[in-house]
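**Student:** For reference, this is model_13.csv, and it has CSV, C-alpha atoms.
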```
chain,number,residue,atom,x,y,z
A,1,MET,CA,-47.2,-31.9,-29.2
A,2,ASN,CA,-48.8,-32.3,-25.8
A,3,ALA,CA,-48.6,-29.1,-23.8
A,4,TRP,CA,-49.2,-29.0,-20.0
A,5,LEU,CA,-52.3,-27.1,-20.1
A,6,LYS,CA,-54.8,-26.3,-22.7
A,7,ILE,CA,-55.8,-22.7,-22.5
A,8,VAL,CA,-57.7,-20.3,-24.7
A,9,THR,CA,-59.3,-17.0,-25.4
A,10,THR,CA,-61.9,-15.3,-27.6
A,11,HIS,CA,-64.4,-12.5,-28.2
A,12,MET,CA,-68.2,-12.7,-28.1
A,13,VAL,CA,-70.6,-9.9,-29.0
A,14,LEU,CA,-73.8,-9.7,-31.1
A,15,GLY,CA,-75.6,-8.2,-28.2
A,16,LEU,CA,-77.1,-11.4,-26.9
A,17,GLY,CA,-76.8,-10.2,-23.3
A,18,LEU,CA,-77.1,-12.3,-20.1
A,19,VAL,CA,-79.4,-15.2,-19.6
A,20,THR,CA,-81.1,-15.9,-16.3
A,21,GLY,CA,-82.3,-19.3,-15.1
A,22,GLY,CA,-81.4,-20.8,-18.4
A,23,ALA,CA,-84.5,-19.4,-20.0
A,24,SER,CA,-84.8,-15.7,-20.7
A,25,ARG,CA,-82.2,-13.1,-21.9
A,26,ALA,CA,-81.7,-9.8,-20.2
A,27,PRO,CA,-80.0,-7.3,-22.6
A,28,ILE,CA,-77.7,-5.8,-20.0
A,29,GLU,CA,-74.6,-4.0,-21.4
A,30,ALA,CA,-74.8,-6.3,-24.3
A,31,ALA,CA,-71.6,-5.2,-26.0
A,32,GLU,CA,-69.6,-6.0,-22.8
A,33,THR,CA,-71.2,-9.0,-21.2
A,34,PRO,CA,-70.9,-12.7,-22.0
A,35,GLN,CA,-73.8,-15.1,-22.3
A,36,VAL,CA,-74.7,-16.4,-18.8
A,37,ILE,CA,-77.3,-19.0,-18.1
A,38,ASN,CA,-78.7,-20.5,-14.9
A,39,ALA,CA,-77.8,-17.4,-12.8
A,40,LYS,CA,-79.2,-14.7,-10.7
A,41,ILE,CA,-77.6,-11.7,-12.3
A,42,GLU,CA,-76.7,-8.2,-11.2
A,43,THR,CA,-74.7,-5.6,-13.2
A,44,ARG,CA,-72.6,-3.2,-11.1
A,45,ALA,CA,-70.1,-0.5,-11.9
A,46,VAL,CA,-66.7,-0.6,-10.3
A,47,ASN,CA,-66.8,1.6,-7.2
A,48,GLY,CA,-63.3,3.0,-6.3
A,49,SER,CA,-60.6,0.6,-7.4
A,50,LEU,CA,-61.3,-2.9,-8.7
A,51,ALA,CA,-59.5,-4.4,-5.7
A,52,GLU,CA,-61.7,-2.4,-3.3
A,53,THR,CA,-64.8,-3.3,-5.2
A,54,LEU,CA,-64.0,-7.0,-5.1
A,55,ARG,CA,-63.2,-6.8,-1.4
A,56,GLY,CA,-66.6,-5.3,-0.8
A,57,PHE,CA,-68.4,-8.2,-2.4
A,58,GLN,CA,-66.0,-10.6,-0.7
A,59,ALA,CA,-66.8,-9.2,2.8
A,60,GLN,CA,-70.5,-10.1,2.2
A,61,ALA,CA,-70.1,-13.4,0.4
A,62,ASP,CA,-71.1,-16.0,3.0
A,63,LYS,CA,-72.6,-18.2,0.4
A,64,PRO,CA,-71.1,-19.0,-3.1
A,65,GLU,CA,-71.4,-16.5,-5.8
A,66,TRP,CA,-69.5,-15.4,-9.0
A,67,VAL,CA,-68.1,-12.0,-9.9
A,68,GLY,CA,-66.9,-11.3,-13.4
A,69,TYR,CA,-65.7,-8.7,-15.8
A,70,SER,CA,-64.1,-8.4,-19.2
A,71,VAL,CA,-60.8,-6.9,-20.5
A,72,ALA,CA,-59.2,-6.8,-23.9
A,73,GLU,CA,-57.5,-10.1,-24.7
A,74,VAL,CA,-53.9,-10.4,-26.0
A,75,THR,CA,-53.7,-11.1,-29.7
A,76,GLY,CA,-53.5,-14.8,-30.6
A,77,ASP,CA,-55.3,-17.6,-32.3
A,78,ARG,CA,-56.7,-19.5,-29.3
A,79,THR,CA,-59.8,-20.1,-27.2
A,80,VAL,CA,-60.1,-20.1,-23.5
A,81,CYS,CA,-63.0,-22.0,-21.9
A,82,CYS,CA,-62.8,-22.2,-18.1
A,83,GLY,CA,-59.1,-22.9,-18.1
A,84,ASN,CA,-59.2,-25.4,-21.0
A,85,TYR,CA,-56.7,-24.3,-23.7
A,86,ASN,CA,-57.2,-24.7,-27.4
A,87,ASP,CA,-54.6,-23.3,-29.7
A,88,SER,CA,-57.1,-22.3,-32.4
A,89,TYR,CA,-59.9,-19.8,-32.4
A,90,GLY,CA,-63.3,-21.4,-32.5
A,91,GLY,CA,-66.6,-22.1,-30.7
A,92,CYS,CA,-66.4,-22.6,-26.9
A,93,GLY,CA,-69.7,-24.1,-26.1
A,94,THR,CA,-71.0,-24.1,-22.5
A,95,CYS,CA,-68.7,-23.7,-19.5
A,96,ARG,CA,-70.2,-25.2,-16.4
A,97,LEU,CA,-68.7,-23.2,-13.5
A,98,GLU,CA,-70.2,-25.3,-10.7
A,99,LYS,CA,-69.4,-29.0,-10.4
A,100,GLU,CA,-69.6,-31.3,-7.4
A,101,ASN,CA,-65.8,-31.9,-7.4
A,102,GLY,CA,-65.1,-28.2,-7.6
A,103,THR,CA,-63.8,-28.1,-11.1
A,104,ALA,CA,-65.3,-26.6,-14.3
A,105,SER,CA,-66.3,-28.5,-17.3
A,106,THR,CA,-67.1,-27.6,-20.9
A,107,THR,CA,-69.7,-28.8,-23.3
A,108,THR,CA,-69.0,-28.1,-27.0
A,109,GLN,CA,-71.9,-26.7,-29.0
A,110,LYS,CA,-73.3,-29.1,-31.7
A,111,GLY,CA,-75.8,-29.2,-34.4
A,112,GLY,CA,-78.1,-26.2,-34.5
A,113,GLU,CA,-76.8,-24.4,-31.4
A,114,THR,CA,-75.5,-21.2,-32.8
A,115,GLY,CA,-73.6,-19.6,-29.9
A,116,THR,CA,-72.0,-16.3,-30.5
A,117,LEU,CA,-70.0,-14.8,-33.4
A,118,GLN,CA,-66.7,-12.9,-33.6
A,119,LEU,CA,-67.1,-9.4,-35.0
A,120,GLU,CA,-64.2,-7.1,-36.1
A,121,GLY,CA,-62.3,-5.4,-33.3
A,122,SER,CA,-60.5,-6.6,-30.2
A,123,ARG,CA,-61.6,-9.8,-28.5
A,124,GLN,CA,-62.5,-9.8,-24.9
A,125,LEU,CA,-61.4,-12.1,-22.1
A,126,VAL,CA,-63.8,-12.8,-19.2
A,127,VAL,CA,-62.2,-13.0,-15.8
A,128,LEU,CA,-64.2,-14.8,-13.1
A,129,PHE,CA,-63.9,-15.0,-9.3
A,130,ARG,CA,-65.8,-17.5,-7.2
A,131,LEU,CA,-66.6,-16.1,-3.7
A,132,GLU,CA,-67.6,-18.2,-0.7
A,133,GLY,CA,-67.0,-17.8,3.1
A,134,LYS,CA,-65.9,-14.2,2.5
A,135,GLN,CA,-62.9,-15.2,0.4
A,136,VAL,CA,-62.0,-16.0,-3.2
A,137,THR,CA,-62.1,-19.7,-3.7
A,138,ARG,CA,-61.4,-19.9,-7.4
A,139,ILE,CA,-60.3,-17.8,-10.4
A,140,ARG,CA,-61.3,-18.7,-13.9
A,141,GLU,CA,-61.0,-17.1,-17.3
A,142,ALA,CA,-63.1,-17.7,-20.4
A,143,SER,CA,-63.4,-16.4,-23.9
A,144,GLU,CA,-66.3,-14.1,-24.3
A,145,ASN,CA,-68.0,-16.4,-26.9
A,146,CYS,CA,-68.4,-19.1,-24.2
A,147,THR,CA,-71.8,-19.6,-22.6
A,148,LEU,CA,-71.3,-19.6,-18.8
A,149,ASP,CA,-73.5,-21.8,-16.7
A,150,ALA,CA,-73.4,-20.4,-13.1
A,151,GLY,CA,-75.2,-23.3,-11.5
A,152,GLY,CA,-78.0,-21.2,-10.2
A,153,LEU,CA,-75.7,-19.0,-8.1
A,154,PRO,CA,-75.7,-15.2,-8.0
A,155,PHE,CA,-73.6,-13.7,-10.7
A,156,ILE,CA,-72.3,-10.1,-10.5
A,157,TRP,CA,-71.1,-8.5,-13.7
A,158,LEU,CA,-68.8,-5.5,-13.2
A,159,THR,CA,-68.5,-2.7,-15.8
A,160,GLY,CA,-65.8,-0.1,-16.2
A,161,VAL,CA,-62.9,-2.3,-15.3
A,162,LYS,CA,-59.5,-1.0,-16.2
A,163,PRO,CA,-57.0,-3.6,-17.4
A,164,GLN,CA,-54.2,-2.2,-15.4
A,165,GLU,CA,-56.3,-2.6,-12.2
A,166,SER,CA,-57.2,-6.1,-13.2
A,167,VAL,CA,-53.5,-7.0,-13.5
A,168,VAL,CA,-52.7,-5.4,-10.1
A,169,LEU,CA,-55.5,-7.4,-8.5
A,170,LEU,CA,-54.6,-10.7,-10.1
A,171,THR,CA,-50.9,-10.1,-9.3
A,172,ASP,CA,-51.7,-10.0,-5.6
A,173,PHE,CA,-53.2,-13.5,-5.9
A,174,VAL,CA,-50.2,-14.8,-7.8
A,175,HIS,CA,-47.8,-13.5,-5.1
A,176,LYS,CA,-49.9,-15.0,-2.3
A,177,ALA,CA,-49.9,-18.5,-4.0
A,178,THR,CA,-47.4,-21.2,-3.2
A,179,PHE,CA,-47.8,-23.0,-6.6
A,180,GLU,CA,-47.3,-26.2,-4.6
A,181,GLY,CA,-50.1,-28.7,-4.0
A,182,HIS,CA,-53.8,-27.6,-4.1
A,183,GLY,CA,-55.9,-24.7,-2.8
A,184,GLU,CA,-53.9,-21.6,-3.1
A,185,HIS,CA,-52.0,-23.3,-5.9
A,186,GLU,CA,-55.2,-23.4,-8.0
A,187,ILE,CA,-56.1,-19.8,-7.3
A,188,GLY,CA,-52.5,-18.7,-8.2
A,189,GLN,CA,-52.7,-20.7,-11.5
A,190,GLY,CA,-56.0,-19.1,-12.4
A,191,ALA,CA,-54.6,-15.6,-11.7
A,192,LEU,CA,-51.4,-16.2,-13.6
A,193,SER,CA,-53.1,-17.5,-16.7
A,194,ALA,CA,-55.6,-14.6,-16.6
A,195,ILE,CA,-52.8,-12.1,-16.5
A,196,ALA,CA,-51.1,-13.8,-19.4
A,197,LEU,CA,-54.1,-13.2,-21.6
A,198,HIS,CA,-54.5,-9.5,-20.8
A,199,ASP,CA,-53.8,-7.2,-23.8
A,200,ASP,CA,-52.0,-4.6,-21.7
A,201,ALA,CA,-48.3,-3.6,-21.1
A,202,SER,CA,-48.9,-4.0,-17.4
A,203,ALA,CA,-49.2,-7.7,-17.9
A,204,ASP,CA,-45.6,-7.8,-19.4
A,205,ARG,CA,-44.3,-5.9,-16.4
A,206,ALA,CA,-46.1,-8.3,-14.1
A,207,PHE,CA,-44.4,-11.2,-15.8
A,208,GLU,CA,-41.0,-9.6,-15.5
A,209,SER,CA,-41.6,-9.5,-11.7
A,210,PHE,CA,-42.7,-13.2,-11.7
A,211,VAL,CA,-39.6,-14.5,-13.4
A,212,ALA,CA,-37.1,-12.4,-11.4
A,213,VAL,CA,-34.4,-14.7,-9.8
A,214,ASP,CA,-35.5,-13.7,-6.3
A,215,GLN,CA,-39.0,-15.2,-6.9
A,216,PRO,CA,-39.9,-18.8,-5.9
A,217,GLU,CA,-38.7,-21.4,-8.4
A,218,GLN,CA,-42.1,-22.9,-8.9
A,219,LEU,CA,-43.5,-19.5,-9.9
A,220,ARG,CA,-40.7,-18.9,-12.4
A,221,LYS,CA,-41.4,-22.3,-14.0
A,222,HIS,CA,-45.2,-21.7,-14.3
A,223,ALA,CA,-44.7,-18.1,-15.5
A,224,SER,CA,-42.3,-19.2,-18.2
A,225,PHE,CA,-44.9,-21.4,-19.8
A,226,TRP,CA,-47.2,-18.4,-20.2
A,227,LEU,CA,-44.4,-16.3,-21.6
A,228,GLY,CA,-44.2,-18.7,-24.5
A,229,ALA,CA,-47.8,-19.6,-24.9
A,230,ALA,CA,-49.4,-16.1,-24.8
A,231,ARG,CA,-47.0,-13.1,-24.5
A,232,GLY,CA,-45.6,-13.1,-28.1
A,233,LYS,CA,-42.4,-11.2,-28.7
A,234,SER,CA,-42.1,-9.6,-25.3
A,235,GLY,CA,-42.5,-13.1,-23.8
A,236,GLU,CA,-39.9,-14.6,-26.1
A,237,LEU,CA,-37.4,-11.9,-25.1
A,238,LEU,CA,-37.9,-12.6,-21.4
A,239,LEU,CA,-37.5,-16.3,-22.1
A,240,GLN,CA,-34.1,-15.6,-23.7
A,241,LYS,CA,-33.0,-13.8,-20.6
A,242,MET,CA,-34.2,-16.6,-18.4
A,243,ALA,CA,-32.3,-19.2,-20.6
A,244,LYS,CA,-29.1,-17.3,-20.0
A,245,ASN,CA,-29.5,-16.0,-16.5
A,246,ASP,CA,-31.8,-18.2,-14.4
A,247,PRO,CA,-29.7,-20.1,-11.9
A,248,SER,CA,-32.0,-23.1,-11.7
A,249,PRO,CA,-31.6,-26.0,-14.2
A,250,GLU,CA,-35.2,-27.0,-13.5
A,251,VAL,CA,-36.4,-23.5,-14.5
A,252,ARG,CA,-34.2,-23.5,-17.6
A,253,SER,CA,-35.6,-26.9,-18.6
A,254,GLN,CA,-39.1,-25.4,-18.4
A,255,VAL,CA,-37.9,-22.4,-20.4
A,256,ALA,CA,-36.9,-24.8,-23.2
A,257,PHE,CA,-40.4,-26.1,-23.2
A,258,ALA,CA,-41.9,-22.6,-23.2
A,259,LEU,CA,-39.8,-21.6,-26.2
A,260,SER,CA,-41.1,-24.7,-28.0
A,261,VAL,CA,-44.7,-23.4,-27.7
A,262,SER,CA,-43.8,-19.9,-28.7
A,263,HIS,CA,-44.8,-18.8,-32.2
A,264,GLU,CA,-41.9,-16.3,-32.4
A,265,PRO,CA,-39.3,-17.2,-35.0
A,266,GLU,CA,-36.3,-16.5,-32.7
A,267,ALA,CA,-37.5,-19.0,-30.1
A,268,LEU,CA,-36.1,-21.9,-32.2
A,269,ASN,CA,-32.7,-20.3,-32.3
A,270,GLU,CA,-32.6,-19.9,-28.5
A,271,MET,CA,-33.6,-23.6,-28.1
A,272,ILE,CA,-30.7,-24.5,-30.3
A,273,LEU,CA,-28.3,-22.4,-28.2
A,274,MET,CA,-29.6,-24.1,-25.0
A,275,ALA,CA,-29.1,-27.5,-26.6
A,276,LYS,CA,-25.5,-26.6,-27.4
A,277,ASP,CA,-24.3,-24.4,-24.6
A,278,ASP,CA,-26.3,-24.8,-21.4
A,279,GLU,CA,-24.0,-26.0,-18.6
A,280,SER,CA,-26.6,-28.5,-17.4
A,281,THR,CA,-26.7,-31.9,-19.1
A,282,HIS,CA,-30.4,-32.1,-18.1
A,283,VAL,CA,-31.2,-28.8,-19.7
A,284,ARG,CA,-29.4,-29.7,-22.9
A,285,GLY,CA,-31.3,-32.9,-23.1
A,286,GLN,CA,-34.6,-31.2,-22.5
A,287,ALA,CA,-33.9,-28.6,-25.2
A,288,LEU,CA,-33.0,-31.5,-27.6
A,289,PHE,CA,-36.3,-33.2,-26.8
A,290,TRP,CA,-38.4,-30.1,-27.5
A,291,LEU,CA,-36.4,-29.3,-30.6
A,292,ALA,CA,-37.4,-32.8,-31.9
A,293,GLN,CA,-41.1,-31.8,-31.5
A,294,LYS,CA,-40.4,-28.7,-33.7
A,295,ALA,CA,-38.7,-30.7,-36.5
A,296,GLY,CA,-37.2,-28.8,-39.4
A,297,GLN,CA,-33.7,-28.5,-40.7
A,298,LYS,CA,-32.4,-26.2,-37.9
A,299,ALA,CA,-33.7,-28.6,-35.2
A,300,MET,CA,-32.1,-31.6,-37.0
A,301,GLY,CA,-28.8,-29.9,-37.2
A,302,ALA,CA,-28.8,-29.1,-33.5
A,303,ILE,CA,-29.7,-32.7,-32.6
A,304,THR,CA,-27.1,-34.4,-34.8
A,305,GLY,CA,-24.6,-31.9,-33.7
A,306,ALA,CA,-25.2,-32.9,-30.1
A,307,ILE,CA,-24.8,-36.6,-31.0
A,308,GLU,CA,-21.4,-35.8,-32.5
A,309,ASN,CA,-20.1,-33.1,-30.3
A,310,ASP,CA,-21.6,-33.0,-26.8
A,311,PRO,CA,-19.1,-34.2,-24.2
A,312,ASP,CA,-21.6,-36.0,-22.1
A,313,THR,CA,-22.8,-39.5,-23.2
A,314,GLU,CA,-26.2,-39.1,-21.5
A,315,VAL,CA,-26.9,-36.0,-23.6
A,316,LYS,CA,-25.8,-37.9,-26.7
A,317,LYS,CA,-28.3,-40.6,-25.8
A,318,LYS,CA,-31.1,-38.0,-25.3
A,319,ALA,CA,-30.2,-36.6,-28.7
A,320,VAL,CA,-30.7,-40.0,-30.2
A,321,PHE,CA,-34.1,-40.2,-28.5
A,322,ALA,CA,-34.9,-36.8,-30.0
A,323,LEU,CA,-34.2,-38.3,-33.4
A,324,SER,CA,-36.8,-41.0,-32.7
A,325,GLN,CA,-39.3,-38.2,-32.1
A,326,MET,CA,-38.7,-36.6,-35.5
A,327,PRO,CA,-41.0,-37.4,-38.4
A,328,LYS,CA,-39.9,-40.8,-39.6
A,329,ASP,CA,-38.7,-39.7,-43.0
A,330,GLU,CA,-36.2,-37.4,-41.2
A,331,GLY,CA,-35.5,-39.4,-38.1
A,332,VAL,CA,-35.2,-43.0,-39.2
A,333,PRO,CA,-32.4,-42.4,-41.8
A,334,LYS,CA,-30.4,-40.4,-39.2
A,335,LEU,CA,-30.9,-43.2,-36.6
A,336,ILE,CA,-29.6,-45.7,-39.1
A,337,GLU,CA,-26.6,-43.5,-39.8
A,338,VAL,CA,-25.9,-43.1,-36.1
A,339,ALA,CA,-26.2,-46.9,-35.5
A,340,LYS,CA,-23.8,-47.5,-38.4
A,341,THR,CA,-21.1,-44.9,-37.8
A,342,ASN,CA,-21.1,-43.3,-34.3
A,343,ARG,CA,-17.9,-44.1,-32.4
A,344,ASN,CA,-19.6,-44.3,-29.0
A,345,PRO,CA,-21.0,-47.9,-28.4
A,346,GLU,CA,-23.7,-46.6,-26.0
A,347,VAL,CA,-24.9,-44.2,-28.6
A,348,ARG,CA,-25.0,-46.9,-31.3
A,349,LYS,CA,-26.9,-49.1,-28.9
A,350,GLN,CA,-29.4,-46.4,-28.2
A,351,ALA,CA,-29.9,-45.8,-31.9
A,352,MET,CA,-30.6,-49.5,-32.5
A,353,PHE,CA,-33.1,-49.5,-29.6
A,354,TRP,CA,-35.1,-46.6,-31.0
A,355,LEU,CA,-35.0,-48.1,-34.6
A,356,GLY,CA,-36.5,-51.2,-33.1
A,357,GLN,CA,-39.3,-49.2,-31.7
A,358,SER,CA,-40.0,-47.4,-35.0
A,359,ASN,CA,-41.8,-50.2,-36.8
A,360,ASP,CA,-40.3,-48.7,-40.0
A,361,PRO,CA,-39.5,-51.1,-42.9
A,362,ARG,CA,-36.1,-49.3,-43.4
A,363,ALA,CA,-35.2,-50.2,-39.8
A,364,LEU,CA,-36.0,-53.9,-40.5
A,365,ASP,CA,-33.9,-53.8,-43.7
A,366,PHE,CA,-31.0,-52.4,-41.6
A,367,PHE,CA,-31.3,-55.1,-39.0
A,368,GLU,CA,-31.4,-57.8,-41.7
A,369,GLN,CA,-28.1,-56.4,-43.1
A,370,VAL,CA,-26.5,-56.3,-39.6
A,371,LEU,CA,-27.6,-59.9,-38.8
A,372,SER,CA,-26.5,-61.3,-42.2
A,373,ARG,CA,-22.9,-60.2,-41.7
```
I'd like the structure from this file rewritten - as structure tokens, please.
**Tutor:**
Amino acid sequence: MNAWLKIVTTHMVLGLGLVTGGASRAPIEAAETPQVINAKIETRAVNGSLAETLRGFQAQADKPEWVGYSVAEVTGDRTVCCGNYNDSYGGCGTCRLEKENGTASTTTQKGGETGTLQLEGSRQLVVLFRLEGKQVTRIREASENCTLDAGGLPFIWLTGVKPQESVVLLTDFVHKATFEGHGEHEIGQGALSAIALHDDASADRAFESFVAVDQPEQLRKHASFWLGAARGKSGELLLQKMAKNDPSPEVRSQVAFALSVSHEPEALNEMILMAKDDESTHVRGQALFWLAQKAGQKAMGAITGAIENDPDTEVKKKAVFALSQMPKDEGVPKLIEVAKTNRNPEVRKQAMFWLGQSNDPRALDFFEQVLSR
């Protein structure tokens, strides 16, 4: 299934330290720091609060520089490399923080490049701020097993960062963002995804505030994705509340998607309830679509139930489309059954259309039977 974003997280270690100028390694705080190349590096301890420390660097940052630190990463089998998500744990390669178009890119390690190894214990997430013109211009996160190429810029590595202070700092950027268009939108997205990957209860509390009904609709939509993708059981419980209580059909549609990317067993049951009971035909249709991506007997039961029982023809047609998205051995026989027996001519027509798109020999046999009558 295609997800909006691909995001990720990991843990480095091995004591490889930081790399300057792409050539030599400086063993600074090796257990805490990622591997950085092509950078002018300083290590500093947090002085006062994390927010105060960052503001101090920001006030002096006329030219571009990077500031970074690490926090414990939430449990999960994923890798984060400069905002690119991968839903399995593995090598990250090199993350180039500086590009002409202002975006980061990743080069995967190949051949004899060894990279870093995961040791036992909690994995660490690297949080990165790009400063320029005395303001934060970008926020990125990366797994600690990524090699970070800073493009020759100064790179300040902070030690002694408390995860709660990190969440507070990033939350401020989230609330300042509009989540519309570019600029602040990108900064807000970076802050939101970084909070989602923090292994700390304060991150759950932050997300509760992001999805409150008095928050902007776009923020609730973006936050819901991360509840499913990263926040485990606590995220799934919040999504259940949103499915029942959020007043916006657009947000609830996004909740259906977020439930589909959750690994929590109860998420599927909530999707089925949305497909059956949501007052919005759009939401019911979206829940059916994402159920089809999950497959399985529970999903099939909800989809066929919608075809038979939903009062809205458009939802029935979306349920037929959902059948077309199921694995062929499950979907094609059901589509044939609908085309043969459903009482609604629009639904039968839709089933015939998707059978025609399936390129399945069973569909061809069915069409031959229909045409020979």
**Student:** Show me, as a list in words, the residues that have an atom within 6 Å of Ile139 of chain A when counting only C-alpha atoms, minus same-chain residues fewer than 4 positions from it.
**Tutor:**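 Listed by chain and then number, they are Leu128, Phe129, Ile187 and Gly190 of chain A.
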**Student:** Emit the selected residues as an mmCIF file, in the coordinates of the input, including C-alpha atoms.
**Tutor:**
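The resulting file, selection04.cif, is shown below:
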```cif
data_model
loop_
_atom_site.group_PDB
_atom_site.id
_atom_site.type_symbol
_atom_site.label_atom_id
_atom_site.label_comp_id
_atom_site.auth_asym_id
_atom_site.auth_seq_id
_atom_site.Cartn_x
_atom_site.Cartn_y
_atom_site.Cartn_z
ATOM 1 C CA LEU A 128 -64.200 -14.800 -13.100
ATOM 2 C CA PHE A 129 -63.900 -15.000 -9.300
ATOM 3 C CA ILE A 187 -56.100 -19.800 -7.300
ATOM 4 C CA GLY A 190 -56.000 -19.100 -12.400
#
```
**Student:** Show me, as a list in words, the residues that have an atom within 10 Å of Leu170 of chain A when counting all atoms listed in the file, minus same-chain residues fewer than 5 positions from it.
**Tutor:**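 Listing them by chain and then by number gives Ala51, Val127, Ile139, Glu165, His175, Ile187, Gly188, Gly190, Ala191, Leu192, Ser193, Ala194, Ile195, Ala203 and Ala206 of chain A.
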**Student:** Have a look at A:Leu273, A:Val167, A:Val136, A:Ile41 and name the one nearest to Gln58 of chain A; count only C-alpha atoms.
**Tutor:**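 Smallest distance to Gln58 of chain A is found for A:Val136.
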**Student:** Would you pick out the contacts of Arg44 of chain A at 8 Å or less, using all atoms listed in the file, so that residues sharing its chain but fewer than 3 positions from it are not included, and give the list as a tab-separated table (two decimals) with C-alpha atoms, in the coordinates of the input?
**Tutor:**
```tsv
chain	number	residue	atom	x	y	z
A	156	ILE	CA	-72.30	-10.10	-10.50
A	157	TRP	CA	-71.10	-8.50	-13.70
A	158	LEU	CA	-68.80	-5.50	-13.20
A	159	THR	CA	-68.50	-2.70	-15.80
```
**Student:** Have a look at A:Pro64, A:Pro216, A:Pro34, A:Pro163 and name the one nearest to Gly151 of chain A; count only C-alpha atoms.
**Tutor:**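 So, comparing all the options, the nearest one is A:Pro64.
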**Student:** Near Phe321 of chain A, within 10 Å and counting all atoms listed in the file, which residues show up once chain neighbours fewer than 3 positions away are dropped, as a list in words?
**Tutor:**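 What passes the distance filter is Gly285, Leu288, Phe289, Ala292, Ile303, Val315, Lys316, Lys317, Lys318, Ser324, Gln325, Met326, Gly331, Leu335, Gln350, Ala351, Phe353 and Trp354 of chain A.
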**Student:** For atom CA of Leu268 of chain A and atom CA of Thr75 of chain A, determine how far apart the two atoms are, in Å to one decimal place.
**Tutor:**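 Computing it gives 20.8 Å between the two atoms.
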**Student:** Separation of atom CA of Ala72 of chain A and atom CA of Gln124 of chain A, in Å?
**Tutor:** 4.6 Å
**Student:** Using all atoms listed in the file, can you tell me which of A:Thr94, A:Ser166, A:Gln369, A:Ser280 comes closest to Glu52 of chain A?
**Tutor:**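 The answer is A:Ser166, which sits nearest to Glu52 of chain A.
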**Student:** Atom CA of Gly232 of chain A and atom CA of Arg140 of chain A are how many Å apart?
**Tutor:**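 So the answer is 21.9 Å.
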**Student:** Let me make sure I understand: among A:His198, A:Lys233, A:Leu355, A:Arg252, which one has the smallest atom-to-atom distance to Gln218 of chain A if we use all atoms listed in the file?
**Tutor:**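 Of A:His198, A:Lys233, A:Leu355, A:Arg252, the one nearest Gln218 of chain A is A:Arg252, counting all atoms listed in the file.
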**Student:** Let me make sure I understand: among A:Cys146, A:Ala306, A:Ala243, A:Val211, which one has the smallest atom-to-atom distance to Ala319 of chain A if we use only C-alpha atoms?
**Tutor:**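 The answer is A:Ala306, which sits nearest to Ala319 of chain A.
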**Student:** So which residues are close to (-75.2, -15.3, -13.8), meaning at most 10 Å away in the file's coordinates with only C-alpha atoms counted, and can you show them as JSON, numbers by chain?
**Tutor:** {"A": [18, 19, 20, 21, 22, 34, 35, 36, 37, 38, 39, 40, 41, 42, 43, 65, 66, 67, 68, 148, 149, 150, 151, 152, 153, 154, 155, 156, 157]}
**Student:** With only C-alpha atoms as the atoms that count, which of A:Phe367, A:Asn245, A:Glu279, A:Thr137 lies nearest to Asp312 of chain A?
**Tutor:**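 Checking each of A:Phe367, A:Asn245, A:Glu279, A:Thr137 against Asp312 of chain A, counting only C-alpha atoms, the winner is A:Glu279.
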**Student:** Give me, as a list in words, all polymer residues having an atom no more than 9 Å from Ile272 of chain A, counting all atoms listed in the file and skipping those fewer than 5 positions away in the same chain.
**Tutor:**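 Near neighbours after the sequence-gap exclusion: Ala267, Asp277, Ala287, Leu288, Leu291, Lys298, Ala299, Gly301, Ala302 and Ile303 of chain A.
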**Student:** In the coordinates of the file, take the point (-57.6, -13.3, -22.1) and a cut-off of 10 Å; then, counting all atoms listed in the file, name each qualifying protein, DNA or RNA residue as a VMD selection string.
**Tutor:** chain A and resid 7 to 11 70 to 76 78 to 80 123 to 127 141 to 144 193 to 199 230
**Student:** For the selection just defined, write its residues with C-alpha atoms to a file, as a compact mmCIF listing (two decimals), in the coordinates of the input.
**Tutor:**
```txt
# COMPACT_ATOMS: atom_id res chain seq x y z
CA ILE A 7 -55.80 -22.70 -22.50
CA VAL A 8 -57.70 -20.30 -24.70
CA THR A 9 -59.30 -17.00 -25.40
CA THR A 10 -61.90 -15.30 -27.60
CA HIS A 11 -64.40 -12.50 -28.20
CA SER A 70 -64.10 -8.40 -19.20
CA VAL A 71 -60.80 -6.90 -20.50
CA ALA A 72 -59.20 -6.80 -23.90
CA GLU A 73 -57.50 -10.10 -24.70
CA VAL A 74 -53.90 -10.40 -26.00
CA THR A 75 -53.70 -11.10 -29.70
CA GLY A 76 -53.50 -14.80 -30.60
CA ARG A 78 -56.70 -19.50 -29.30
CA THR A 79 -59.80 -20.10 -27.20
CA VAL A 80 -60.10 -20.10 -23.50
CA ARG A 123 -61.60 -9.80 -28.50
CA GLN A 124 -62.50 -9.80 -24.90
CA LEU A 125 -61.40 -12.10 -22.10
CA VAL A 126 -63.80 -12.80 -19.20
CA VAL A 127 -62.20 -13.00 -15.80
CA GLU A 141 -61.00 -17.10 -17.30
CA ALA A 142 -63.10 -17.70 -20.40
CA SER A 143 -63.40 -16.40 -23.90
CA GLU A 144 -66.30 -14.10 -24.30
CA SER A 193 -53.10 -17.50 -16.70
CA ALA A 194 -55.60 -14.60 -16.60
CA ILE A 195 -52.80 -12.10 -16.50
CA ALA A 196 -51.10 -13.80 -19.40
CA LEU A 197 -54.10 -13.20 -21.60
CA HIS A 198 -54.50 -9.50 -20.80
CA ASP A 199 -53.80 -7.20 -23.80
CA ALA A 230 -49.40 -16.10 -24.80
```
